[in-house]
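Asker: Next comes coords20.cif, mmCIF, C-alpha atoms and all ligand atoms:
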data_start
loop_
_atom_site.group_PDB
_atom_site.id
_atom_site.type_symbol
_atom_site.label_atom_id
_atom_site.label_comp_id
_atom_site.auth_asym_id
_atom_site.auth_seq_id
_atom_site.Cartn_x
_atom_site.Cartn_y
_atom_site.Cartn_z
ATOM 1 C CA MET A 1 -1.788 21.244 -1.967
ATOM 2 C CA SER A 2 -4.025 20.087 0.917
ATOM 3 C CA THR A 3 -5.705 16.703 0.642
ATOM 4 C CA ASN A 4 -7.504 16.972 3.991
ATOM 5 C CA ASN A 5 -10.915 17.625 2.450
ATOM 6 C CA ILE A 6 -10.653 14.963 -0.224
ATOM 7 C CA SER A 7 -12.855 11.917 0.261
ATOM 8 C CA SER A 8 -11.120 8.663 1.074
ATOM 9 C CA ALA A 9 -12.810 7.138 -2.010
ATOM 10 C CA VAL A 10 -10.869 9.563 -4.223
ATOM 11 C CA ILE A 11 -7.632 9.031 -2.296
ATOM 12 C CA ASN A 12 -8.103 5.271 -2.701
ATOM 13 C CA ARG A 13 -8.287 5.703 -6.485
ATOM 14 C CA LEU A 14 -5.085 7.757 -6.768
ATOM 15 C CA PRO A 15 -2.598 4.847 -6.724
ATOM 16 C CA ARG A 16 -4.425 3.387 -9.730
ATOM 17 C CA TYR A 17 -4.167 6.687 -11.631
ATOM 18 C CA TYR A 18 -0.492 6.807 -10.704
ATOM 19 C CA ARG A 19 0.094 3.276 -12.042
ATOM 20 C CA PHE A 20 -1.669 3.941 -15.350
ATOM 21 C CA LEU A 21 0.191 7.231 -15.813
ATOM 22 C CA ALA A 22 3.514 5.492 -15.118
ATOM 23 C CA ASP A 23 2.652 2.977 -17.879
ATOM 24 C CA LEU A 24 1.828 5.846 -20.262
ATOM 25 C CA LEU A 25 5.143 7.540 -19.477
ATOM 26 C CA ARG A 26 6.996 4.295 -20.187
ATOM 27 C CA GLU A 27 5.172 4.112 -23.534
ATOM 28 C CA GLY A 28 6.328 7.635 -24.356
ATOM 29 C CA VAL A 29 2.819 9.171 -24.248
ATOM 30 C CA ASP A 30 3.154 12.812 -23.192
ATOM 31 C CA ARG A 31 -0.491 13.865 -23.166
ATOM 32 C CA ILE A 32 -3.858 12.149 -22.966
ATOM 33 C CA SER A 33 -7.489 13.233 -23.002
ATOM 34 C CA SER A 34 -9.804 12.283 -20.164
ATOM 35 C CA SER A 35 -11.817 10.143 -22.612
ATOM 36 C CA LYS A 36 -8.718 8.177 -23.735
ATOM 37 C CA LEU A 37 -7.635 7.750 -20.125
ATOM 38 C CA SER A 38 -11.146 6.633 -19.234
ATOM 39 C CA GLN A 39 -11.098 3.974 -21.977
ATOM 40 C CA ARG A 40 -7.797 2.650 -20.721
ATOM 41 C CA MET A 41 -8.820 2.613 -17.088
ATOM 42 C CA GLY A 42 -12.391 1.425 -17.555
ATOM 43 C CA VAL A 43 -13.918 4.350 -15.638
ATOM 44 C CA THR A 44 -16.009 7.218 -16.975
ATOM 45 C CA ALA A 45 -14.334 10.388 -18.247
ATOM 46 C CA SER A 46 -16.500 12.417 -15.885
ATOM 47 C CA GLN A 47 -15.255 10.362 -12.934
ATOM 48 C CA ILE A 48 -11.681 11.145 -13.968
ATOM 49 C CA ARG A 49 -12.435 14.865 -14.356
ATOM 50 C CA GLN A 50 -14.235 14.948 -11.007
ATOM 51 C CA ASP A 51 -11.437 13.097 -9.221
ATOM 52 C CA LEU A 52 -8.678 15.248 -10.615
ATOM 53 C CA ASN A 53 -10.626 18.480 -10.130
ATOM 54 C CA ASN A 54 -10.365 17.783 -6.410
ATOM 55 C CA PHE A 55 -6.758 18.785 -6.671
ATOM 56 C CA GLY A 56 -7.335 21.919 -8.685
ATOM 57 C CA GLY A 57 -7.609 20.028 -11.994
ATOM 58 C CA PHE A 58 -4.605 19.213 -14.089
ATOM 59 C CA GLY A 59 -6.224 19.177 -17.527
ATOM 60 C CA LEU A 60 -6.514 21.908 -20.117
ATOM 61 C CA GLN A 61 -9.588 22.171 -22.361
ATOM 62 C CA GLY A 62 -8.752 20.742 -25.784
ATOM 63 C CA TYR A 63 -5.310 19.586 -24.706
ATOM 64 C CA GLY A 64 -6.058 16.881 -22.158
ATOM 65 C CA TYR A 65 -3.661 15.966 -19.420
ATOM 66 C CA ASN A 66 0.090 16.375 -19.458
ATOM 67 C CA VAL A 67 1.049 12.857 -18.395
ATOM 68 C CA LYS A 68 4.395 13.716 -16.771
ATOM 69 C CA PHE A 69 2.953 16.651 -14.853
ATOM 70 C CA LEU A 70 -0.076 14.658 -13.695
ATOM 71 C CA HIS A 71 2.085 11.680 -12.713
ATOM 72 C CA GLU A 72 4.360 13.937 -10.657
ATOM 73 C CA ALA A 73 1.466 15.828 -9.086
ATOM 74 C CA ILE A 74 -0.339 12.639 -8.036
ATOM 75 C CA GLY A 75 2.987 11.206 -6.827
ATOM 76 C CA LYS A 76 3.349 14.265 -4.610
ATOM 77 C CA ILE A 77 -0.165 13.847 -3.221
ATOM 78 C CA LEU A 78 0.674 10.206 -2.503
ATOM 79 C CA GLY A 79 3.823 11.310 -0.683
ATOM 80 C CA LEU A 80 6.060 9.596 -3.230
ATOM 81 C CA ASP A 81 8.306 12.624 -3.671
ATOM 82 C CA THR A 82 9.983 11.676 -0.371
ATOM 83 C CA ALA A 83 11.965 8.486 0.278
ATOM 84 C CA HIS A 84 10.740 6.328 3.166
ATOM 85 C CA ASN A 85 12.722 3.880 5.273
ATOM 86 C CA MET A 86 10.877 0.768 6.391
ATOM 87 C CA ILE A 87 11.564 -2.146 8.737
ATOM 88 C CA ILE A 88 9.860 -5.532 8.690
ATOM 89 C CA ILE A 89 8.906 -7.252 11.937
ATOM 90 C CA GLY A 90 8.686 -10.994 11.333
ATOM 91 C CA ALA A 91 11.156 -12.486 8.858
ATOM 92 C CA GLY A 92 9.057 -15.527 7.975
ATOM 93 C CA ASN A 93 7.479 -16.418 4.650
ATOM 94 C CA LEU A 94 5.631 -13.136 4.179
ATOM 95 C CA GLY A 95 8.285 -10.845 5.633
ATOM 96 C CA ARG A 96 10.918 -12.395 3.395
ATOM 97 C CA ALA A 97 8.673 -12.244 0.328
ATOM 98 C CA LEU A 98 8.083 -8.521 0.898
ATOM 99 C CA ALA A 99 11.793 -7.908 1.476
ATOM 100 C CA ASN A 100 12.487 -9.727 -1.783
ATOM 101 C CA TYR A 101 10.195 -7.421 -3.737
ATOM 102 C CA ALA A 102 12.596 -4.817 -5.095
ATOM 103 C CA ASP A 103 9.916 -2.737 -6.791
ATOM 104 C CA PHE A 104 9.047 -0.878 -3.559
ATOM 105 C CA GLU A 105 12.390 0.870 -3.968
ATOM 106 C CA ASN A 106 11.302 2.281 -7.323
ATOM 107 C CA LEU A 107 8.485 4.009 -5.439
ATOM 108 C CA GLY A 108 10.886 5.327 -2.803
ATOM 109 C CA PHE A 109 10.214 2.735 -0.063
ATOM 110 C CA PHE A 110 13.448 1.243 1.260
ATOM 111 C CA ILE A 111 13.469 -1.788 3.555
ATOM 112 C CA ILE A 112 16.517 -1.239 5.738
ATOM 113 C CA SER A 113 16.194 -4.151 8.174
ATOM 114 C CA LEU A 114 14.093 -7.126 9.190
ATOM 115 C CA PHE A 115 13.596 -8.121 12.828
ATOM 116 C CA ASP A 116 12.583 -11.472 14.222
ATOM 117 C CA SER A 117 12.269 -13.062 17.648
ATOM 118 C CA ASN A 118 13.785 -16.316 16.377
ATOM 119 C CA PRO A 119 17.473 -16.144 17.382
ATOM 120 C CA GLU A 120 18.370 -18.587 14.595
ATOM 121 C CA LEU A 121 17.571 -15.936 11.999
ATOM 122 C CA GLU A 122 20.035 -13.424 13.414
ATOM 123 C CA GLY A 123 22.837 -12.754 10.943
ATOM 124 C CA THR A 124 20.863 -14.028 7.943
ATOM 125 C CA SER A 125 19.764 -11.630 5.247
ATOM 126 C CA VAL A 126 17.236 -11.236 2.458
ATOM 127 C CA ARG A 127 18.499 -9.588 -0.733
ATOM 128 C CA GLY A 128 21.358 -8.193 1.339
ATOM 129 C CA ILE A 129 18.985 -6.746 3.951
ATOM 130 C CA PRO A 130 19.993 -7.991 7.416
ATOM 131 C CA VAL A 131 17.693 -9.825 9.843
ATOM 132 C CA ARG A 132 18.245 -8.611 13.410
ATOM 133 C CA ARG A 133 17.086 -9.719 16.876
ATOM 134 C CA MET A 134 14.128 -7.900 18.444
ATOM 135 C CA GLU A 135 16.389 -6.893 21.348
ATOM 136 C CA GLY A 136 18.096 -4.349 19.087
ATOM 137 C CA LEU A 137 14.880 -2.798 17.806
ATOM 138 C CA ALA A 138 14.659 0.259 20.105
ATOM 139 C CA ASP A 139 18.253 1.324 19.427
ATOM 140 C CA PHE A 140 17.897 0.689 15.696
ATOM 141 C CA ILE A 141 14.837 2.935 15.502
ATOM 142 C CA LYS A 142 16.624 5.592 17.559
ATOM 143 C CA GLU A 143 19.708 5.508 15.347
ATOM 144 C CA ASN A 144 18.014 5.205 11.963
ATOM 145 C CA HIS A 145 15.275 7.236 10.433
ATOM 146 C CA VAL A 146 12.465 4.669 10.269
ATOM 147 C CA ASP A 147 9.209 5.939 8.767
ATOM 148 C CA ILE A 148 7.160 2.765 8.452
ATOM 149 C CA ALA A 149 7.088 -0.621 10.208
ATOM 150 C CA LEU A 150 5.644 -3.652 8.423
ATOM 151 C CA LEU A 151 4.031 -6.217 10.712
ATOM 152 C CA CYS A 152 4.439 -9.753 9.381
ATOM 153 C CA LEU A 153 4.195 -11.771 12.568
ATOM 154 C CA PRO A 154 1.470 -13.960 14.091
ATOM 155 C CA LYS A 155 -1.747 -12.136 14.984
ATOM 156 C CA SER A 156 -1.326 -13.051 18.660
ATOM 157 C CA TYR A 157 1.760 -10.811 18.904
ATOM 158 C CA ALA A 158 0.561 -7.997 16.678
ATOM 159 C CA ILE A 159 -0.977 -5.658 19.279
ATOM 160 C CA GLU A 160 1.837 -5.819 21.837
ATOM 161 C CA THR A 161 4.469 -5.458 19.098
ATOM 162 C CA ALA A 162 2.666 -2.524 17.503
ATOM 163 C CA ARG A 163 2.357 -0.773 20.880
ATOM 164 C CA MET A 164 6.069 -1.337 21.466
ATOM 165 C CA LEU A 165 6.877 0.142 18.046
ATOM 166 C CA VAL A 166 4.755 3.187 18.884
ATOM 167 C CA ARG A 167 6.625 3.613 22.184
ATOM 168 C CA TYR A 168 9.859 3.555 20.195
ATOM 169 C CA GLY A 169 8.568 6.376 17.996
ATOM 170 C CA ILE A 170 6.997 4.613 14.984
ATOM 171 C CA LYS A 171 4.050 6.569 13.573
ATOM 172 C CA ALA A 172 3.017 4.473 10.574
ATOM 173 C CA ILE A 173 2.370 0.729 10.400
ATOM 174 C CA TRP A 174 1.701 -1.393 7.338
ATOM 175 C CA ASN A 175 -0.043 -4.304 8.992
ATOM 176 C CA PHE A 176 -0.365 -7.763 7.482
ATOM 177 C CA ALA A 177 -1.425 -9.621 10.642
ATOM 178 C CA HIS A 178 -5.124 -10.437 10.501
ATOM 179 C CA ILE A 179 -6.330 -7.836 12.961
ATOM 180 C CA ASP A 180 -7.684 -4.291 12.649
ATOM 181 C CA LEU A 181 -4.734 -2.799 14.432
ATOM 182 C CA GLU A 182 -5.863 0.834 14.512
ATOM 183 C CA LEU A 183 -8.507 -0.124 17.102
ATOM 184 C CA TYR A 184 -5.722 -0.782 19.607
ATOM 185 C CA LEU A 185 -3.393 2.138 18.947
ATOM 186 C CA PRO A 186 -3.405 5.897 19.620
ATOM 187 C CA SER A 187 -5.345 7.798 16.967
ATOM 188 C CA ASP A 188 -2.282 9.653 15.667
ATOM 189 C CA VAL A 189 -0.669 6.382 14.548
ATOM 190 C CA LEU A 190 -1.374 5.697 10.888
ATOM 191 C CA VAL A 191 -2.303 2.116 10.063
ATOM 192 C CA GLU A 192 -2.925 0.490 6.718
ATOM 193 C CA ASN A 193 -4.171 -3.080 7.007
ATOM 194 C CA VAL A 194 -3.645 -5.488 4.118
ATOM 195 C CA HIS A 195 -5.750 -8.627 4.122
ATOM 196 C CA LEU A 196 -5.290 -10.762 1.013
ATOM 197 C CA SER A 197 -7.881 -13.192 2.344
ATOM 198 C CA GLU A 198 -10.526 -10.450 2.087
ATOM 199 C CA SER A 199 -9.640 -10.045 -1.570
ATOM 200 C CA ILE A 200 -9.976 -13.777 -2.286
ATOM 201 C CA MET A 201 -13.293 -13.782 -0.414
ATOM 202 C CA ARG A 202 -14.552 -10.965 -2.653
ATOM 203 C CA LEU A 203 -13.541 -13.000 -5.713
ATOM 204 C CA SER A 204 -15.207 -16.085 -4.271
ATOM 205 C CA CYS A 205 -18.378 -14.072 -3.646
ATOM 206 C CA LYS A 206 -18.413 -12.853 -7.270
ATOM 207 C CA MET A 207 -17.962 -16.458 -8.458
ATOM 208 C CA ALA A 208 -20.798 -17.673 -6.252
ATOM 209 C CA ARG A 209 -23.125 -14.910 -7.492
ATOM 210 C CA LYS A 210 -22.198 -15.618 -11.115
ATOM 211 C CA ASP A 211 -22.894 -19.342 -10.680
ATOM 212 C CA GLU A 212 -26.230 -18.467 -9.094
ATOM 213 C CA SER A 213 -27.288 -16.084 -11.879
ATOM 214 C CA GLU A 214 -26.327 -18.658 -14.518
ATOM 215 C CA ARG A 215 -28.420 -21.427 -12.994
ATOM 216 C CA PRO A 216 -31.207 -22.269 -15.518
ATOM 217 C CA ASP A 217 -33.946 -21.650 -12.945
ATOM 218 C CA ALA A 218 -32.451 -18.327 -11.717
ATOM 219 C CA GLU A 219 -34.725 -16.136 -13.846
ATOM 220 C CA ASN A 220 -37.864 -17.670 -12.391
ATOM 221 C CA GLU A 221 -36.957 -16.952 -8.737
HETATM 222 P P1 LIG B 301 5.729 -17.331 9.346
HETATM 223 O O1 LIG B 301 5.433 -18.252 10.485
HETATM 224 O O2 LIG B 301 6.444 -17.852 8.156
HETATM 225 O O3 LIG B 301 6.585 -16.074 9.898
HETATM 226 C C1 LIG B 301 6.312 -15.399 11.085
HETATM 227 C C2 LIG B 301 7.641 -14.893 11.633
HETATM 228 O O4 LIG B 301 7.352 -14.042 12.750
HETATM 229 C C3 LIG B 301 8.543 -16.009 12.137
HETATM 230 O O5 LIG B 301 9.833 -15.893 11.568
HETATM 231 C C4 LIG B 301 8.568 -15.811 13.636
HETATM 232 O O6 LIG B 301 9.803 -16.191 14.235
HETATM 233 C C5 LIG B 301 8.325 -14.321 13.765
HETATM 234 N N1 LIG B 301 7.764 -13.917 15.037
HETATM 235 C C6 LIG B 301 6.851 -14.565 15.799
HETATM 236 N N2 LIG B 301 6.571 -13.858 16.892
HETATM 237 C C7 LIG B 301 7.323 -12.736 16.844
HETATM 238 C C8 LIG B 301 7.485 -11.624 17.696
HETATM 239 N N3 LIG B 301 6.774 -11.506 18.826
HETATM 240 N N4 LIG B 301 8.349 -10.670 17.339
HETATM 241 C C9 LIG B 301 9.066 -10.776 16.191
HETATM 242 N N5 LIG B 301 8.958 -11.815 15.333
HETATM 243 C C10 LIG B 301 8.099 -12.773 15.657
HETATM 244 O O7 LIG B 301 4.352 -16.678 8.959
HETATM 245 P P2 LIG B 301 3.978 -15.925 7.592
HETATM 246 O O8 LIG B 301 3.385 -16.868 6.658
HETATM 247 O O9 LIG B 301 5.144 -15.112 7.177
HETATM 248 O O10 LIG B 301 2.810 -14.963 8.089
HETATM 249 C C11 LIG B 301 3.100 -13.879 8.959
HETATM 250 C C12 LIG B 301 1.825 -13.156 9.358
HETATM 251 O O11 LIG B 301 1.227 -12.592 8.201
HETATM 252 C C13 LIG B 301 0.742 -14.057 9.965
HETATM 253 O O12 LIG B 301 0.061 -13.317 10.941
HETATM 254 C C14 LIG B 301 -0.162 -14.378 8.802
HETATM 255 O O13 LIG B 301 -1.461 -14.691 9.218
HETATM 256 C C15 LIG B 301 -0.103 -13.071 8.084
HETATM 257 N N6 LIG B 301 -0.402 -13.130 6.656
HETATM 258 C C16 LIG B 301 -1.174 -12.141 6.187
HETATM 259 C C17 LIG B 301 -1.470 -12.039 4.870
HETATM 260 C C18 LIG B 301 -2.295 -10.888 4.447
HETATM 261 O O14 LIG B 301 -2.796 -10.866 3.345
HETATM 262 N N7 LIG B 301 -2.481 -9.920 5.284
HETATM 263 C C19 LIG B 301 -0.989 -13.023 3.891
HETATM 264 C C20 LIG B 301 -0.126 -14.015 4.476
HETATM 265 C C21 LIG B 301 0.146 -14.055 5.832
#
Re-express the file's structure as structure tokens.

Answerer:
Amino acid sequence: MSTNNISSAVINRLPRYYRFLADLLREGVDRISSSKLSQRMGVTASQIRQDLNNFGGFGLQGYGYNVKFLHEAIGKILGLDTAHNMIIIGAGNLGRALANYADFENLGFFIISLFDSNPELEGTSVRGIPVRRMEGLADFIKENHVDIALLCLPKSYAIETARMLVRYGIKAIWNFAHIDLELYLPSDVLVENVHLSESIMRLSCKMARKDESERPDAENE
């Protein structure tokens, strides 16, 4: 099933479908209509039908969606039918918090090592996952099948470290440093930036707009 022609807006919605379907499976629901799914997810039924039709459609008229089948099919599109090994660069607060989050493993993402430039961290571990020195990074990548590198180090080191990872053969980076990393890397390297501060700014913006619309004189402006 090719996803090359699917809009990024649809792709961006797939993890949410996957999460809701996983909840339904846990509840023992084996089929659901697009209208029921739409009520649960707070999106229109036509949006759901349109989104899922992109992939050939998984629903049957009068039957709805087979939850297990749809969950598996979307999981496949999301690449979750394959296990992925990951390494974390930067074993500070964030790197350790991510390594401590065991739920990634349930999705098939396995953190196999952390790396840090601070020699004092060598030999420590997080949830049994070892922290290694940066000096061993090239050999580790050569000897282990590493699919994804997580960048959890200061922004000032992010570009040079990412370029080094690419030289060592890394093709996918989950970047937490506050920089749009893809601008500095070859176009075949896949980058997903995560910026929690952008999320809190969006919330803050909504709060500011709400306050403004609730001001008694707002209607007269
Ligand atoms: P931290 O200071 O606790 O940890 C950073 C770690 O990186 C330290 O252990 C340090 O020794 C290591 N390090 C520094 N330079 C390195 C290098 N060249 N190679 C390998 N390791 C190196 O910082 P924290 O709080 O864990 O944050 C890490 C990064 O994540 C920062 O850039 C921060 O701004 C960012 N961040 C991003 C968030 C997001 O939503 N994207 C949320 C929180 C932090």

Asker: Dump the neighbourhood of ligand LIG 301 (chain B) as number ranges by chain: all residues within 6 Å, distances computed on all atoms listed in the file.

Answerer: A: 89-95, 116-118, 152-155, 157, 176-178, 194-197

Asker: For atom CA of A:Leu165 and atom CA of A:Ser199, quote the distance in Å rounded to one decimal.

Answerer: 27.6 Å

Asker: When distances are computed from all atoms listed in the file, which of A:Met86, A:Met201, A:Met134, A:Leu24 shows the smallest separation from A:Ala149?

Answerer: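 Counting all atoms listed in the file, the residue closest to A:Ala149 is A:Met86.
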
Asker: Mind telling me what the PyMOL selection byres (((chain A and resi 33) around 9) and not hetatm) catches here, as an mmCIF file with C-alpha atoms, in the frame of the given file?

Answerer:
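Once everything was written out, this is result22.cif:
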data_model
loop_
_atom_site.group_PDB
_atom_site.id
_atom_site.type_symbol
_atom_site.label_atom_id
_atom_site.label_comp_id
_atom_site.auth_asym_id
_atom_site.auth_seq_id
_atom_site.Cartn_x
_atom_site.Cartn_y
_atom_site.Cartn_z
ATOM 1 C CA ARG A 31 -0.491 13.865 -23.166
ATOM 2 C CA ILE A 32 -3.858 12.149 -22.966
ATOM 3 C CA SER A 34 -9.804 12.283 -20.164
ATOM 4 C CA SER A 35 -11.817 10.143 -22.612
ATOM 5 C CA LYS A 36 -8.718 8.177 -23.735
ATOM 6 C CA LEU A 37 -7.635 7.750 -20.125
ATOM 7 C CA SER A 38 -11.146 6.633 -19.234
ATOM 8 C CA ALA A 45 -14.334 10.388 -18.247
ATOM 9 C CA GLY A 59 -6.224 19.177 -17.527
ATOM 10 C CA GLY A 62 -8.752 20.742 -25.784
ATOM 11 C CA TYR A 63 -5.310 19.586 -24.706
ATOM 12 C CA GLY A 64 -6.058 16.881 -22.158
ATOM 13 C CA TYR A 65 -3.661 15.966 -19.420
ATOM 14 C CA ASN A 66 0.090 16.375 -19.458
#

Asker: Do you have the atom CA of A:Ala172-atom CA of A:Val189 distance handy?

Answerer: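 Here the two named atoms are 5.7 Å from each other.
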
Asker: What is the atom CA of A:Ile6 to atom CA of A:Ile173 distance in Å?

Answerer: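 For atom CA of A:Ile6 relative to atom CA of A:Ile173, the distance reads 22.0 Å.
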
Asker: With all atoms listed in the file as the counted atoms, please give the residues lying no more than 10 Å from A:Leu185, apart from itself and same-chain residues fewer than 3 positions off, as a ChimeraX atom specification.

Answerer: /A:159-160,162-163,166,180-182,188-191

Asker: Please identify all polymer residues within 12 Å of A:Tyr168, counting all atoms listed in the file, omitting same-chain residues fewer than 6 positions from it, and present them as a ChimeraX atom specification.

Answerer: /A:136-147,149,161-162

Asker: Apply the PyMOL selection byres (((chain A and resi 75) around 12) and not hetatm) to the displayed file and report the matching residues as a list in words.

Answerer: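 Checking the PyMOL selection byres (((chain A and resi 75) around 12) and not hetatm) against this file, the residues are Ile11, Leu14, Pro15, Arg16, Tyr17, Tyr18, Arg19, Leu21, Ala22, Val67, Lys68, Phe69, Leu70, His71, Glu72, Ala73, Ile74, Lys76, Ile77, Leu78, Gly79, Leu80, Asp81, Thr82, Ala83, Leu107 and Gly108 of chain A.
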
Asker: Could you check the closest approach to A:Asn193 for each of A:Ile179, A:Glu135, A:Asn53, A:Phe104 and tell me which residue wins, using all atoms listed in the file?

Answerer: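 Closest to A:Asn193 of all the choices is A:Ile179.
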